[in-house]
Every structure is written in C-alpha cells, then in structure tokens.
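Student: The file below is target28.pdb, PDB, C-alpha atoms, pLDDT in the B column:
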```pdb
ATOM      1  CA  MET P   1      73.912  86.575  90.514  1.00 43.00           C
ATOM      2  CA  THR P   2      77.250  86.698  92.360  1.00 42.00           C
ATOM      3  CA  SER P   3      77.853  85.619  95.929  1.00 41.00           C
ATOM      4  CA  ASP P   4      77.891  89.268  97.003  1.00 44.00           C
ATOM      5  CA  GLN P   5      74.418  90.022  95.632  1.00 45.00           C
ATOM      6  CA  ILE P   6      71.594  89.331  98.060  1.00 42.00           C
ATOM      7  CA  PRO P   7      68.047  89.387  96.649  1.00 45.00           C
ATOM      8  CA  GLU P   8      65.515  91.765  98.117  1.00 49.00           C
ATOM      9  CA  PRO P   9      63.057  89.906 100.406  1.00 45.00           C
ATOM     10  CA  LEU P  10      59.438  89.685  99.379  1.00 41.00           C
ATOM     11  CA  PRO P  11      56.922  91.547 101.545  1.00 44.00           C
ATOM     12  CA  GLY P  12      56.241  89.554 104.676  1.00 42.00           C
ATOM     13  CA  SER P  13      59.109  87.153 104.114  1.00 42.00           C
ATOM     14  CA  GLU P  14      62.349  86.789 106.023  1.00 43.00           C
ATOM     15  CA  PRO P  15      65.449  88.464 104.577  1.00 45.00           C
ATOM     16  CA  VAL P  16      67.538  86.144 102.473  1.00 44.00           C
ATOM     17  CA  GLU P  17      71.155  86.048 103.664  1.00 44.00           C
ATOM     18  CA  LYS P  18      74.192  84.063 102.883  1.00 47.00           C
ATOM     19  CA  ASN P  19      76.395  83.278 105.864  1.00 49.00           C
ATOM     20  CA  PRO P  20      74.203  85.253 108.311  1.00 49.00           C
ATOM     21  CA  GLY P  21      76.217  87.236 110.779  1.00 47.00           C
ATOM     22  CA  ARG P  22      79.286  87.164 108.527  1.00 46.00           C
ATOM     23  CA  PRO P  23      79.560  90.051 106.077  1.00 50.00           C
ATOM     24  CA  THR P  24      81.207  89.278 102.774  1.00 59.00           C
ATOM     25  CA  LYS P  25      84.785  90.337 102.196  1.00 58.00           C
ATOM     26  CA  LEU P  26      83.584  93.124  99.919  1.00 66.00           C
ATOM     27  CA  LYS P  27      81.208  94.525 102.556  1.00 78.00           C
ATOM     28  CA  TRP P  28      83.890  94.318 105.233  1.00 80.00           C
ATOM     29  CA  PHE P  29      86.359  96.167 103.011  1.00 73.00           C
ATOM     30  CA  ARG P  30      83.765  98.844 102.181  1.00 78.00           C
ATOM     31  CA  ARG P  31      82.957  99.423 105.843  1.00 86.00           C
ATOM     32  CA  LEU P  32      86.642  99.796 106.614  1.00 82.00           C
ATOM     33  CA  TYR P  33      87.026 102.206 103.676  1.00 78.00           C
ATOM     34  CA  ASP P  34      84.091 104.329 104.891  1.00 85.00           C
ATOM     35  CA  TRP P  35      85.493 104.323 108.427  1.00 89.00           C
ATOM     36  CA  VAL P  36      88.829 105.622 107.139  1.00 87.00           C
ATOM     37  CA  LEU P  37      87.126 108.427 105.197  1.00 84.00           C
ATOM     38  CA  SER P  38      85.061 109.408 108.234  1.00 90.00           C
ATOM     39  CA  TRP P  39      88.253 110.610 109.921  1.00 91.00           C
ATOM     40  CA  ALA P  40      88.596 113.384 107.329  1.00 89.00           C
ATOM     41  CA  GLU P  41      85.878 115.322 109.176  1.00 86.00           C
ATOM     42  CA  SER P  42      87.429 114.796 112.589  1.00 89.00           C
ATOM     43  CA  ARG P  43      89.677 117.179 114.496  1.00 91.00           C
ATOM     44  CA  TYR P  44      92.089 114.248 114.643  1.00 94.00           C
ATOM     45  CA  ALA P  45      92.287 114.052 110.847  1.00 95.00           C
ATOM     46  CA  THR P  46      96.036 114.735 110.637  1.00 96.00           C
ATOM     47  CA  LEU P  47      96.746 112.142 113.318  1.00 96.00           C
ATOM     48  CA  ALA P  48      94.536 109.677 111.449  1.00 96.00           C
ATOM     49  CA  LEU P  49      96.490 110.348 108.243  1.00 97.00           C
ATOM     50  CA  THR P  50      99.750 109.809 110.128  1.00 97.00           C
ATOM     51  CA  ILE P  51      98.640 106.458 111.525  1.00 97.00           C
ATOM     52  CA  HIS P  52      97.063 105.417 108.239  1.00 97.00           C
ATOM     53  CA  ALA P  53     100.155 106.233 106.165  1.00 97.00           C
ATOM     54  CA  THR P  54     102.395 104.378 108.620  1.00 98.00           C
ATOM     55  CA  THR P  55     100.357 101.202 108.946  1.00 97.00           C
ATOM     56  CA  GLU P  56      99.426 101.004 105.248  1.00 96.00           C
ATOM     57  CA  SER P  57     103.099 100.380 104.489  1.00 97.00           C
ATOM     58  CA  PHE P  58     103.225  97.107 106.401  1.00 97.00           C
ATOM     59  CA  ILE P  59      99.724  95.822 107.245  1.00 96.00           C
ATOM     60  CA  PHE P  60      96.683  98.093 106.735  1.00 94.00           C
ATOM     61  CA  PRO P  61      94.723  97.183 103.557  1.00 90.00           C
ATOM     62  CA  ILE P  62      93.192 100.559 102.588  1.00 89.00           C
ATOM     63  CA  PRO P  63      95.418 102.830 100.424  1.00 89.00           C
ATOM     64  CA  VAL P  64      96.320 106.257 101.794  1.00 93.00           C
ATOM     65  CA  ASP P  65      95.041 108.119  98.704  1.00 90.00           C
ATOM     66  CA  PRO P  66      91.307 108.299  99.607  1.00 88.00           C
ATOM     67  CA  LEU P  67      91.951 109.917 102.998  1.00 92.00           C
ATOM     68  CA  LEU P  68      94.609 112.199 101.512  1.00 93.00           C
ATOM     69  CA  MET P  69      92.172 113.318  98.791  1.00 89.00           C
ATOM     70  CA  ALA P  70      89.380 113.927 101.307  1.00 90.00           C
ATOM     71  CA  LEU P  71      91.660 116.043 103.513  1.00 93.00           C
ATOM     72  CA  SER P  72      93.051 117.960 100.537  1.00 91.00           C
ATOM     73  CA  LEU P  73      89.543 118.708  99.300  1.00 89.00           C
ATOM     74  CA  SER P  74      88.410 119.926 102.720  1.00 89.00           C
ATOM     75  CA  LYS P  75      91.502 122.131 103.206  1.00 90.00           C
ATOM     76  CA  PRO P  76      93.107 122.807  99.789  1.00 90.00           C
ATOM     77  CA  ARG P  77      95.688 125.232 101.192  1.00 91.00           C
ATOM     78  CA  ARG P  78      97.071 122.444 103.384  1.00 94.00           C
ATOM     79  CA  ALA P  79      97.065 119.821 100.624  1.00 94.00           C
ATOM     80  CA  LEU P  80     100.849 119.810 100.196  1.00 96.00           C
ATOM     81  CA  TYR P  81     101.309 119.604 103.958  1.00 97.00           C
ATOM     82  CA  PHE P  82      99.067 116.532 104.027  1.00 97.00           C
ATOM     83  CA  ALA P  83     101.102 115.055 101.166  1.00 97.00           C
ATOM     84  CA  PHE P  84     104.291 115.612 103.179  1.00 98.00           C
ATOM     85  CA  ILE P  85     102.782 113.875 106.217  1.00 98.00           C
ATOM     86  CA  ALA P  86     101.608 110.954 104.084  1.00 97.00           C
ATOM     87  CA  SER P  87     104.995 110.617 102.362  1.00 97.00           C
ATOM     88  CA  LEU P  88     107.074 110.847 105.528  1.00 98.00           C
ATOM     89  CA  PHE P  89     105.088 108.372 107.564  1.00 98.00           C
ATOM     90  CA  SER P  90     104.600 105.998 104.659  1.00 98.00           C
ATOM     91  CA  VAL P  91     108.392 105.722 104.395  1.00 98.00           C
ATOM     92  CA  LEU P  92     108.684 105.250 108.164  1.00 98.00           C
ATOM     93  CA  GLY P  93     106.021 102.550 107.958  1.00 98.00           C
ATOM     94  CA  GLY P  94     108.035 100.975 105.155  1.00 98.00           C
ATOM     95  CA  LEU P  95     110.972 100.700 107.565  1.00 98.00           C
ATOM     96  CA  VAL P  96     108.661  98.895 109.999  1.00 98.00           C
ATOM     97  CA  GLY P  97     107.751  96.490 107.194  1.00 98.00           C
ATOM     98  CA  TYR P  98     111.447  96.031 106.416  1.00 98.00           C
ATOM     99  CA  ALA P  99     112.152  95.259 110.082  1.00 98.00           C
ATOM    100  CA  ILE P 100     109.314  92.726 110.193  1.00 98.00           C
ATOM    101  CA  GLY P 101     110.719  90.977 107.139  1.00 97.00           C
ATOM    102  CA  LEU P 102     114.269  91.056 108.501  1.00 97.00           C
ATOM    103  CA  TRP P 103     113.662  89.939 112.084  1.00 98.00           C
ATOM    104  CA  ALA P 104     110.156  88.503 112.309  1.00 97.00           C
ATOM    105  CA  TYR P 105     109.250  87.081 108.913  1.00 96.00           C
ATOM    106  CA  GLU P 106     108.255  83.622 110.126  1.00 96.00           C
ATOM    107  CA  ALA P 107     106.258  84.879 113.092  1.00 97.00           C
ATOM    108  CA  ILE P 108     104.585  87.950 111.561  1.00 97.00           C
ATOM    109  CA  GLY P 109     105.676  88.735 108.008  1.00 96.00           C
ATOM    110  CA  SER P 110     104.612  85.443 106.449  1.00 96.00           C
ATOM    111  CA  ARG P 111     101.127  85.848 107.932  1.00 96.00           C
ATOM    112  CA  ILE P 112     100.751  89.330 106.473  1.00 96.00           C
ATOM    113  CA  ILE P 113     101.909  88.061 103.063  1.00 95.00           C
ATOM    114  CA  ALA P 114      99.387  85.204 103.280  1.00 94.00           C
ATOM    115  CA  ALA P 115      96.577  87.559 104.353  1.00 92.00           C
ATOM    116  CA  PHE P 116      97.033  89.500 101.112  1.00 90.00           C
ATOM    117  CA  HIS P 117      97.366  86.293  99.041  1.00 89.00           C
ATOM    118  CA  ALA P 118     100.770  87.501  97.864  1.00 90.00           C
ATOM    119  CA  GLN P 119     102.847  84.351  98.341  1.00 90.00           C
ATOM    120  CA  GLU P 120     103.601  84.098  94.613  1.00 89.00           C
ATOM    121  CA  THR P 121     104.649  87.742  94.457  1.00 88.00           C
ATOM    122  CA  PHE P 122     106.923  87.184  97.445  1.00 92.00           C
ATOM    123  CA  LEU P 123     108.536  84.128  95.847  1.00 90.00           C
ATOM    124  CA  THR P 124     109.100  86.092  92.646  1.00 88.00           C
ATOM    125  CA  LEU P 125     110.749  88.920  94.562  1.00 89.00           C
ATOM    126  CA  GLN P 126     113.103  86.536  96.340  1.00 87.00           C
ATOM    127  CA  THR P 127     114.884  85.641  93.107  1.00 85.00           C
ATOM    128  CA  ARG P 128     116.260  89.024  91.998  1.00 83.00           C
ATOM    129  CA  PHE P 129     115.072  91.571  94.533  1.00 89.00           C
ATOM    130  CA  ASN P 130     118.608  92.584  95.538  1.00 87.00           C
ATOM    131  CA  GLU P 131     119.469  93.430  91.946  1.00 85.00           C
ATOM    132  CA  TYR P 132     116.336  95.485  91.280  1.00 87.00           C
ATOM    133  CA  THR P 133     115.539  96.874  94.735  1.00 90.00           C
ATOM    134  CA  PHE P 134     115.064 100.482  93.637  1.00 89.00           C
ATOM    135  CA  TRP P 135     112.819  99.650  90.671  1.00 87.00           C
ATOM    136  CA  ALA P 136     110.740  97.144  92.633  1.00 89.00           C
ATOM    137  CA  ILE P 137     110.091  99.646  95.432  1.00 93.00           C
ATOM    138  CA  MET P 138     109.391 102.411  92.909  1.00 89.00           C
ATOM    139  CA  ALA P 139     106.828 100.229  91.144  1.00 86.00           C
ATOM    140  CA  ALA P 140     105.165  99.242  94.419  1.00 88.00           C
ATOM    141  CA  GLY P 141     105.138 102.792  95.742  1.00 89.00           C
ATOM    142  CA  LEU P 142     103.552 104.310  92.642  1.00 84.00           C
ATOM    143  CA  THR P 143     101.193 101.638  91.341  1.00 79.00           C
ATOM    144  CA  PRO P 144      98.377  99.469  92.802  1.00 76.00           C
ATOM    145  CA  LEU P 145     100.943  96.801  93.765  1.00 81.00           C
ATOM    146  CA  PRO P 146     100.745  96.143  97.537  1.00 88.00           C
ATOM    147  CA  PHE P 147     103.536  98.282  99.013  1.00 93.00           C
ATOM    148  CA  LYS P 148     103.477  96.313 102.270  1.00 95.00           C
ATOM    149  CA  VAL P 149     104.387  93.085 100.481  1.00 93.00           C
ATOM    150  CA  PHE P 150     107.454  94.747  98.990  1.00 94.00           C
ATOM    151  CA  THR P 151     108.616  96.332 102.255  1.00 97.00           C
ATOM    152  CA  ILE P 152     108.353  93.021 104.107  1.00 97.00           C
ATOM    153  CA  ALA P 153     109.986  91.155 101.228  1.00 95.00           C
ATOM    154  CA  ALA P 154     112.840  93.683 101.188  1.00 96.00           C
ATOM    155  CA  GLY P 155     113.622  92.909 104.817  1.00 97.00           C
ATOM    156  CA  ALA P 156     113.221  89.162 104.365  1.00 96.00           C
ATOM    157  CA  CYS P 157     115.666  89.301 101.442  1.00 95.00           C
ATOM    158  CA  SER P 158     118.040  91.590 103.380  1.00 95.00           C
ATOM    159  CA  VAL P 159     118.245  94.029 100.476  1.00 95.00           C
ATOM    160  CA  SER P 160     120.501  97.094 100.689  1.00 94.00           C
ATOM    161  CA  MET P 161     118.969  99.866 102.773  1.00 96.00           C
ATOM    162  CA  GLY P 162     120.144 102.645 100.436  1.00 95.00           C
ATOM    163  CA  PRO P 163     118.207 101.677  97.278  1.00 94.00           C
ATOM    164  CA  PHE P 164     115.237 100.654  99.426  1.00 96.00           C
ATOM    165  CA  LEU P 165     115.018 104.037 101.134  1.00 96.00           C
ATOM    166  CA  VAL P 166     115.585 106.043  97.954  1.00 95.00           C
ATOM    167  CA  GLY P 167     112.909 104.074  96.111  1.00 94.00           C
ATOM    168  CA  ALA P 168     110.459 104.469  98.979  1.00 96.00           C
ATOM    169  CA  VAL P 169     111.050 108.206  99.403  1.00 96.00           C
ATOM    170  CA  VAL P 170     110.849 108.988  95.677  1.00 94.00           C
ATOM    171  CA  SER P 171     107.828 106.809  94.874  1.00 92.00           C
ATOM    172  CA  ARG P 172     105.726 107.757  97.890  1.00 95.00           C
ATOM    173  CA  SER P 173     106.509 111.460  97.502  1.00 95.00           C
ATOM    174  CA  VAL P 174     105.729 111.495  93.776  1.00 92.00           C
ATOM    175  CA  ARG P 175     102.458 109.678  94.350  1.00 92.00           C
ATOM    176  CA  PHE P 176     101.140 111.694  97.275  1.00 95.00           C
ATOM    177  CA  PHE P 177     102.341 115.120  96.126  1.00 95.00           C
ATOM    178  CA  ALA P 178     100.828 114.464  92.690  1.00 91.00           C
ATOM    179  CA  VAL P 179      97.443 113.661  94.229  1.00 89.00           C
ATOM    180  CA  ALA P 180      97.479 116.616  96.635  1.00 93.00           C
ATOM    181  CA  GLY P 181      98.913 119.012  94.055  1.00 92.00           C
ATOM    182  CA  LEU P 182      96.283 118.203  91.452  1.00 89.00           C
ATOM    183  CA  ILE P 183      93.496 118.700  93.976  1.00 89.00           C
ATOM    184  CA  ARG P 184      94.981 121.978  95.170  1.00 90.00           C
ATOM    185  CA  ILE P 185      95.206 123.288  91.590  1.00 90.00           C
ATOM    186  CA  PHE P 186      91.985 121.940  90.087  1.00 87.00           C
ATOM    187  CA  GLY P 187      89.762 121.339  93.112  1.00 83.00           C
ATOM    188  CA  PRO P 188      86.958 118.731  93.355  1.00 83.00           C
ATOM    189  CA  ALA P 189      86.644 118.460  89.563  1.00 78.00           C
ATOM    190  CA  ILE P 190      89.898 116.498  89.341  1.00 75.00           C
ATOM    191  CA  LYS P 191      89.036 113.921  92.016  1.00 74.00           C
ATOM    192  CA  GLU P 192      87.097 111.587  89.709  1.00 75.00           C
ATOM    193  CA  LYS P 193      89.877 111.634  87.113  1.00 70.00           C
ATOM    194  CA  ILE P 194      92.484 110.825  89.773  1.00 69.00           C
ATOM    195  CA  ASP P 195      90.366 107.898  90.956  1.00 69.00           C
ATOM    196  CA  ARG P 196      89.950 106.615  87.425  1.00 71.00           C
ATOM    197  CA  TYR P 197      93.325 107.209  85.791  1.00 63.00           C
ATOM    198  CA  PHE P 198      95.979 107.536  88.498  1.00 60.00           C
ATOM    199  CA  ASP P 199      97.064 103.900  88.375  1.00 63.00           C
ATOM    200  CA  LEU P 200      97.398 104.067  84.583  1.00 61.00           C
ATOM    201  CA  PHE P 201      99.469 107.245  84.794  1.00 58.00           C
ATOM    202  CA  SER P 202     101.668 105.606  87.434  1.00 56.00           C
ATOM    203  CA  VAL P 203     102.407 102.627  85.213  1.00 61.00           C
ATOM    204  CA  ILE P 204     103.222 104.928  82.281  1.00 62.00           C
ATOM    205  CA  PHE P 205     105.481 107.027  84.517  1.00 55.00           C
ATOM    206  CA  ILE P 206     107.396 103.943  85.672  1.00 56.00           C
ATOM    207  CA  ALA P 207     107.778 102.741  82.069  1.00 62.00           C
ATOM    208  CA  LEU P 208     109.083 106.143  80.930  1.00 54.00           C
ATOM    209  CA  LEU P 209     111.448 106.360  83.890  1.00 52.00           C
ATOM    210  CA  ILE P 210     112.924 102.925  83.229  1.00 56.00           C
ATOM    211  CA  GLY P 211     113.132 103.709  79.507  1.00 55.00           C
ATOM    212  CA  GLY P 212     114.992 106.935  80.224  1.00 47.00           C
ATOM    213  CA  PHE P 213     117.574 105.192  82.392  1.00 45.00           C
ATOM    214  CA  LEU P 214     118.075 102.487  79.772  1.00 51.00           C
ATOM    215  CA  VAL P 215     118.650 105.125  77.094  1.00 47.00           C
ATOM    216  CA  LEU P 216     121.250 106.853  79.271  1.00 41.00           C
ATOM    217  CA  LYS P 217     122.905 103.550  80.094  1.00 49.00           C
ATOM    218  CA  TYR P 218     123.326 102.410  76.482  1.00 52.00           C
ATOM    219  CA  ALA P 219     124.131 105.889  75.199  1.00 47.00           C
ATOM    220  CA  ARG P 220     127.392 105.722  77.136  1.00 48.00           C
ATOM    221  CA  HIS P 221     128.586 102.679  75.214  1.00 50.00           C
TER     222      HIS P 221
END
```
Let me see the structure of the file written as structure tokens.

Tutor:
Amino acid sequence: MTSDQIPEPLPGSEPVEKNPGRPTKLKWFRRLYDWVLSWAESRYATLALTIHATTESFIFPIPVDPLLMALSLSKPRRALYFAFIASLFSVLGGLVGYAIGLWAYEAIGSRIIAAFHAQETFLTLQTRFNEYTFWAIMAAGLTPLPFKVFTIAAGACSVSMGPFLVGAVVSRSVRFFAVAGLIRIFGPAIKEKIDRYFDLFSVIFIALLIGGFLVLKYARH
C-alpha cells in the first residue's frame, strides 16, 4: 500500500489517516485540477483561461490543456478562439517568466524552480541554453517539460529575445491549436486519445522537426 492509499475504516472505528489535516500532494493537486475545470462552466470561463494560460507559463502547476479541452467541448465553434487566447497569453506569461529570471531570479525565480524540483534541469540549461534557445523553448512548449522552468531559465541566462519569442509562439500555438482543432473536428470522441497520446505525438513532432532542419543543414554542404 502506498502512502497515498488510506484504508477504509471498520464499522464503528475511527477513520485511519496519515498526517491528519494535511492532504497528500496528490490530493492537493487533484483538488486544484478539479477547481480549474470547474471554471469551464462559468460565465467567466474565457477570463479564467486567460489567467490560467498566463500564470501557467511562470508559476501555476496545472497545464492549460484540460481547461482548453473542456471549453472547446462545451463550445466547439469557439474552439479555435480559445486556442488563440491560450496561445497569446501563454506567450505573454512566458515573458513574465523571462523577466523573473532576468531581474528577480534570486528572490523569486529560484524559489519557483525549487518548488518544481527542477534545479538539475535549470543547471543543465545554464550550460548551452544560449546556443539552443529556440529548440529548448520548442521542446518545453510542446511536451510535458515544465514550460515555466524554461521561461525563467531563459531570463536568468539572458538568452536572446528573438529565438525565445519565436520558440514560444510556435510551440504554444501548435500545441493549443492542435488540441482545439482536433476537438472541433472530431468532438468528444477524440478527447481520450488526446489525453493519452498527445505527449507522445509532441515528442515525435519535435524529433521530426529537428531531423528536418539537420537534413537541410547538411544538404547544403
């Protein structure tokens, strides 16, 4: 039995709890996830998506995709509009992350990195981030890698703004428009497949993209 599994109490006995009053990390994350999804039914859903997409790029732990999928399923004709909102504000949030890394890494950025247990990832990025800014941001924007760690690291490493912005715009747009577009075309039936295979498809897409650029690069010589 894992630490997250709590046995059912016997009739007449007191409930068995571990760390009473302190929900496990998994339960806390699930409650936050459910709270995010609850906004899909609110009249403030678009505002919630805006705030979510912005903050997810520098601090908020829940990915934008679940709320985007819920909104796209509830209003399929507006799916691409929701994808645009998510893409735009995710990039703007990425600029906030960049600013935190550039001007407030010690005070704020380092604490965010530590909260996501991404110190090793940050140290790895420090070595050659300037050389591979575009590809690093593309990978973070499309795959399960924590985008916020990369945006903060980009600022802390003072990487060039051009490749950073291009990578953020392309990766976030591809990801969110793919999710919304698939739901608009196929409806609820595609949701489970997106949940299950999207990360795999993202990794394959990145690999093919890098492979294509390498082929073009060496074909010139």

Student: Just to confirm, what's the straight-line distance from CA of Pro144 (chain P) to CA of Pro63 (chain P) in Å (one decimal)?

Tutor: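 Computed distance, CA of Pro144 (chain P) to CA of Pro63 (chain P), equals 8.8 Å.
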
Student: Figure out the distance between CA of Val149 (chain P) and CA of Thr121 (chain P), please, to one decimal in Å.

Tutor: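 These atoms are spaced 8.1 Å apart.
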
Student: Between P:Lys27, P:Gly187, P:Ile59, P:Leu68, which residue has the minimum interatomic distance to Thr46 (chain P), considering all atoms listed in the file?

Tutor: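 Checking each candidate against Thr46 (chain P), we get P:Leu68 as the closest.
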
Student: Quick one: residues within 7 Å of region 49-52 of chain P, all atoms listed in the file, excluding same-chain residues fewer than 4 positions away - as a PyMOL selection string?

Tutor: chain P and resi 45+56+64+67+85-86+89

Student: Quick one: distance from CA of Phe186 (chain P) to CA of Phe82 (chain P) in Å, one decimal?

Tutor: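 For CA of Phe186 (chain P) relative to CA of Phe82 (chain P), the distance reads 16.5 Å.
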
Student: List as a list in words the protein and nucleic acid residues near Gly97 (chain P), meaning an atom at most 7 Å away when all atoms listed in the file are counted, but skip any in the same chain fewer than 4 places from it.

Tutor: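 Here the answer would be Ser57, Phe58, Gly93, Gly101, Lys148, Thr151 and Ile152 of chain P.
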
Student: May I have the residues from that selection written out with C-alpha atoms, as a PDB file, keeping the file's coordinate frame?

Tutor:
```pdb
ATOM      1  CA  SER P  57     103.099 100.380 104.489  1.00 97.00           C
ATOM      2  CA  PHE P  58     103.225  97.107 106.401  1.00 97.00           C
ATOM      3  CA  GLY P  93     106.021 102.550 107.958  1.00 98.00           C
ATOM      4  CA  GLY P 101     110.719  90.977 107.139  1.00 97.00           C
ATOM      5  CA  LYS P 148     103.477  96.313 102.270  1.00 95.00           C
ATOM      6  CA  THR P 151     108.616  96.332 102.255  1.00 97.00           C
ATOM      7  CA  ILE P 152     108.353  93.021 104.107  1.00 97.00           C
TER       8      ILE P 152
END
```

Student: Using all atoms of region 170-176 of chain P that appear in the file, construct an axis-aligned enclosing box with 6 Å of padding on every side and provide its centre coordinates and edge lengths in Å, rounded to one decimal, as lines of an AutoDock Vina configuration file.

Tutor:
```
center_x = 106.0
center_y = 109.3
center_z = 95.8
size_x = 21.7
size_y = 16.9
size_z = 16.1
```

Student: Considering only C-alpha atoms, can you say which of P:Ala115, P:Leu47, P:Ala40, P:Leu73 comes closest to Lys191 (chain P)?

Tutor: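 Looking at the shortest contact to Lys191 (chain P), the residue is P:Leu73.
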
Student: Run the PyMOL selection byres ((chain P and resi 123) around 12) against the file shown and list the residues it catches, as a PDB file with C-alpha atoms, keeping the file's coordinate frame.

Tutor:
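Below is the file out-v3.pdb, written as the result:
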```pdb
ATOM      1  CA  SER P 110     104.612  85.443 106.449  1.00 96.00           C
ATOM      2  CA  ILE P 113     101.909  88.061 103.063  1.00 95.00           C
ATOM      3  CA  ALA P 114      99.387  85.204 103.280  1.00 94.00           C
ATOM      4  CA  HIS P 117      97.366  86.293  99.041  1.00 89.00           C
ATOM      5  CA  ALA P 118     100.770  87.501  97.864  1.00 90.00           C
ATOM      6  CA  GLN P 119     102.847  84.351  98.341  1.00 90.00           C
ATOM      7  CA  GLU P 120     103.601  84.098  94.613  1.00 89.00           C
ATOM      8  CA  THR P 121     104.649  87.742  94.457  1.00 88.00           C
ATOM      9  CA  PHE P 122     106.923  87.184  97.445  1.00 92.00           C
ATOM     10  CA  THR P 124     109.100  86.092  92.646  1.00 88.00           C
ATOM     11  CA  LEU P 125     110.749  88.920  94.562  1.00 89.00           C
ATOM     12  CA  GLN P 126     113.103  86.536  96.340  1.00 87.00           C
ATOM     13  CA  THR P 127     114.884  85.641  93.107  1.00 85.00           C
ATOM     14  CA  ARG P 128     116.260  89.024  91.998  1.00 83.00           C
ATOM     15  CA  PHE P 129     115.072  91.571  94.533  1.00 89.00           C
ATOM     16  CA  VAL P 149     104.387  93.085 100.481  1.00 93.00           C
ATOM     17  CA  PHE P 150     107.454  94.747  98.990  1.00 94.00           C
ATOM     18  CA  ALA P 153     109.986  91.155 101.228  1.00 95.00           C
ATOM     19  CA  ALA P 154     112.840  93.683 101.188  1.00 96.00           C
ATOM     20  CA  ALA P 156     113.221  89.162 104.365  1.00 96.00           C
ATOM     21  CA  CYS P 157     115.666  89.301 101.442  1.00 95.00           C
TER      22      CYS P 157
END
```

Student: Quick one: which residues end up in the PyMOL selection byres ((chain P and resi 84) around 12) for this structure, as a ChimeraX atom specification?

Tutor: /P:46,49-50,53,68,72,78-83,85-91,169-170,172-181

Student: Of the candidates P:Val36, P:Val166, P:Leu102, P:Ile112, which shows the shortest atom-to-atom distance to Thr133 (chain P), using all atoms listed in the file?

Tutor: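 Ranked by minimum distance to Thr133 (chain P), first place goes to P:Val166.
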
Student: Using only C-alpha atoms, which protein or nucleic acid residues come within 8 Å of Ala70 (chain P)? Drop anything in the same chain fewer than 4 positions from it, and give the result as a PDB file with C-alpha atoms, in the coordinates of the input.

Tutor:
```pdb
ATOM      1  CA  LEU P  37      87.126 108.427 105.197  1.00 84.00           C
ATOM      2  CA  ALA P  40      88.596 113.384 107.329  1.00 89.00           C
ATOM      3  CA  PRO P  66      91.307 108.299  99.607  1.00 88.00           C
ATOM      4  CA  SER P  74      88.410 119.926 102.720  1.00 89.00           C
TER       5      SER P  74
END
```

Student: Out of P:Arg184, P:Trp28, P:Gly141, P:Ser160, which residue has the shortest atom-to-atom distance to Leu71 (chain P) when counting all atoms listed in the file?

Tutor: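 That would be P:Arg184, the residue with the smallest distance to Leu71 (chain P).
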
Student: Pick the closest to Ile183 (chain P) from P:Asp65, P:Glu131, P:Glu106, P:Glu41: which is it, counting all atoms listed in the file?

Tutor: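 Between P:Asp65, P:Glu131, P:Glu106, P:Glu41, the residue approaching Ile183 (chain P) most closely is P:Asp65.
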
Student: Which one of P:Ala168, P:Ala99, P:Ala107, P:Val159 sits closest to Met138 (chain P) if you count all atoms listed in the file?

Tutor: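 Smallest distance to Met138 (chain P) is found for P:Ala168.
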
Student: Can you patch up region 168-182 of chain P, filling it in to N, CA and C atoms, and show the result as a PDB file, in the frame of the given file?

Tutor:
```
ATOM      1  N   ALA P 168     111.645 104.182  98.173  1.00 96.00           N
ATOM      2  CA  ALA P 168     110.459 104.469  98.979  1.00 96.00           C
ATOM      3  C   ALA P 168     110.184 105.971  99.045  1.00 96.00           C
ATOM      4  N   VAL P 169     111.224 106.762  99.289  1.00 96.00           N
ATOM      5  CA  VAL P 169     111.050 108.206  99.403  1.00 96.00           C
ATOM      6  C   VAL P 169     110.567 108.802  98.080  1.00 96.00           C
ATOM      7  N   VAL P 170     111.209 108.420  96.982  1.00 94.00           N
ATOM      8  CA  VAL P 170     110.849 108.988  95.677  1.00 94.00           C
ATOM      9  C   VAL P 170     109.435 108.580  95.269  1.00 94.00           C
ATOM     10  N   SER P 171     109.127 107.296  95.349  1.00 92.00           N
ATOM     11  CA  SER P 171     107.828 106.809  94.874  1.00 92.00           C
ATOM     12  C   SER P 171     106.669 107.326  95.714  1.00 92.00           C
ATOM     13  N   ARG P 172     106.806 107.281  97.029  1.00 95.00           N
ATOM     14  CA  ARG P 172     105.726 107.757  97.890  1.00 95.00           C
ATOM     15  C   ARG P 172     105.525 109.275  97.753  1.00 95.00           C
ATOM     16  N   SER P 173     106.626 110.004  97.642  1.00 95.00           N
ATOM     17  CA  SER P 173     106.509 111.460  97.502  1.00 95.00           C
ATOM     18  C   SER P 173     105.866 111.836  96.180  1.00 95.00           C
ATOM     19  N   VAL P 174     106.309 111.205  95.091  1.00 92.00           N
ATOM     20  CA  VAL P 174     105.729 111.495  93.776  1.00 92.00           C
ATOM     21  C   VAL P 174     104.238 111.206  93.791  1.00 92.00           C
ATOM     22  N   ARG P 175     103.875 110.070  94.349  1.00 92.00           N
ATOM     23  CA  ARG P 175     102.458 109.678  94.350  1.00 92.00           C
ATOM     24  C   ARG P 175     101.608 110.650  95.163  1.00 92.00           C
ATOM     25  N   PHE P 176     101.988 110.902  96.394  1.00 95.00           N
ATOM     26  CA  PHE P 176     101.140 111.694  97.275  1.00 95.00           C
ATOM     27  C   PHE P 176     101.154 113.184  96.925  1.00 95.00           C
ATOM     28  N   PHE P 177     102.301 113.708  96.518  1.00 95.00           N
ATOM     29  CA  PHE P 177     102.341 115.120  96.126  1.00 95.00           C
ATOM     30  C   PHE P 177     101.601 115.345  94.811  1.00 95.00           C
ATOM     31  N   ALA P 178     101.596 114.344  93.933  1.00 91.00           N
ATOM     32  CA  ALA P 178     100.828 114.464  92.690  1.00 91.00           C
ATOM     33  C   ALA P 178      99.338 114.542  92.987  1.00 91.00           C
ATOM     34  N   VAL P 179      98.861 113.668  93.861  1.00 89.00           N
ATOM     35  CA  VAL P 179      97.443 113.661  94.229  1.00 89.00           C
ATOM     36  C   VAL P 179      97.048 114.985  94.887  1.00 89.00           C
ATOM     37  N   ALA P 180      97.806 115.390  95.912  1.00 93.00           N
ATOM     38  CA  ALA P 180      97.479 116.616  96.635  1.00 93.00           C
ATOM     39  C   ALA P 180      97.636 117.851  95.755  1.00 93.00           C
ATOM     40  N   GLY P 181      98.682 117.862  94.923  1.00 92.00           N
ATOM     41  CA  GLY P 181      98.913 119.012  94.055  1.00 92.00           C
ATOM     42  C   GLY P 181      97.813 119.203  93.031  1.00 92.00           C
ATOM     43  N   LEU P 182      97.364 118.109  92.437  1.00 89.00           N
ATOM     44  CA  LEU P 182      96.283 118.203  91.452  1.00 89.00           C
ATOM     45  C   LEU P 182      94.998 118.715  92.088  1.00 89.00           C
TER      46      LEU P 182
END
```
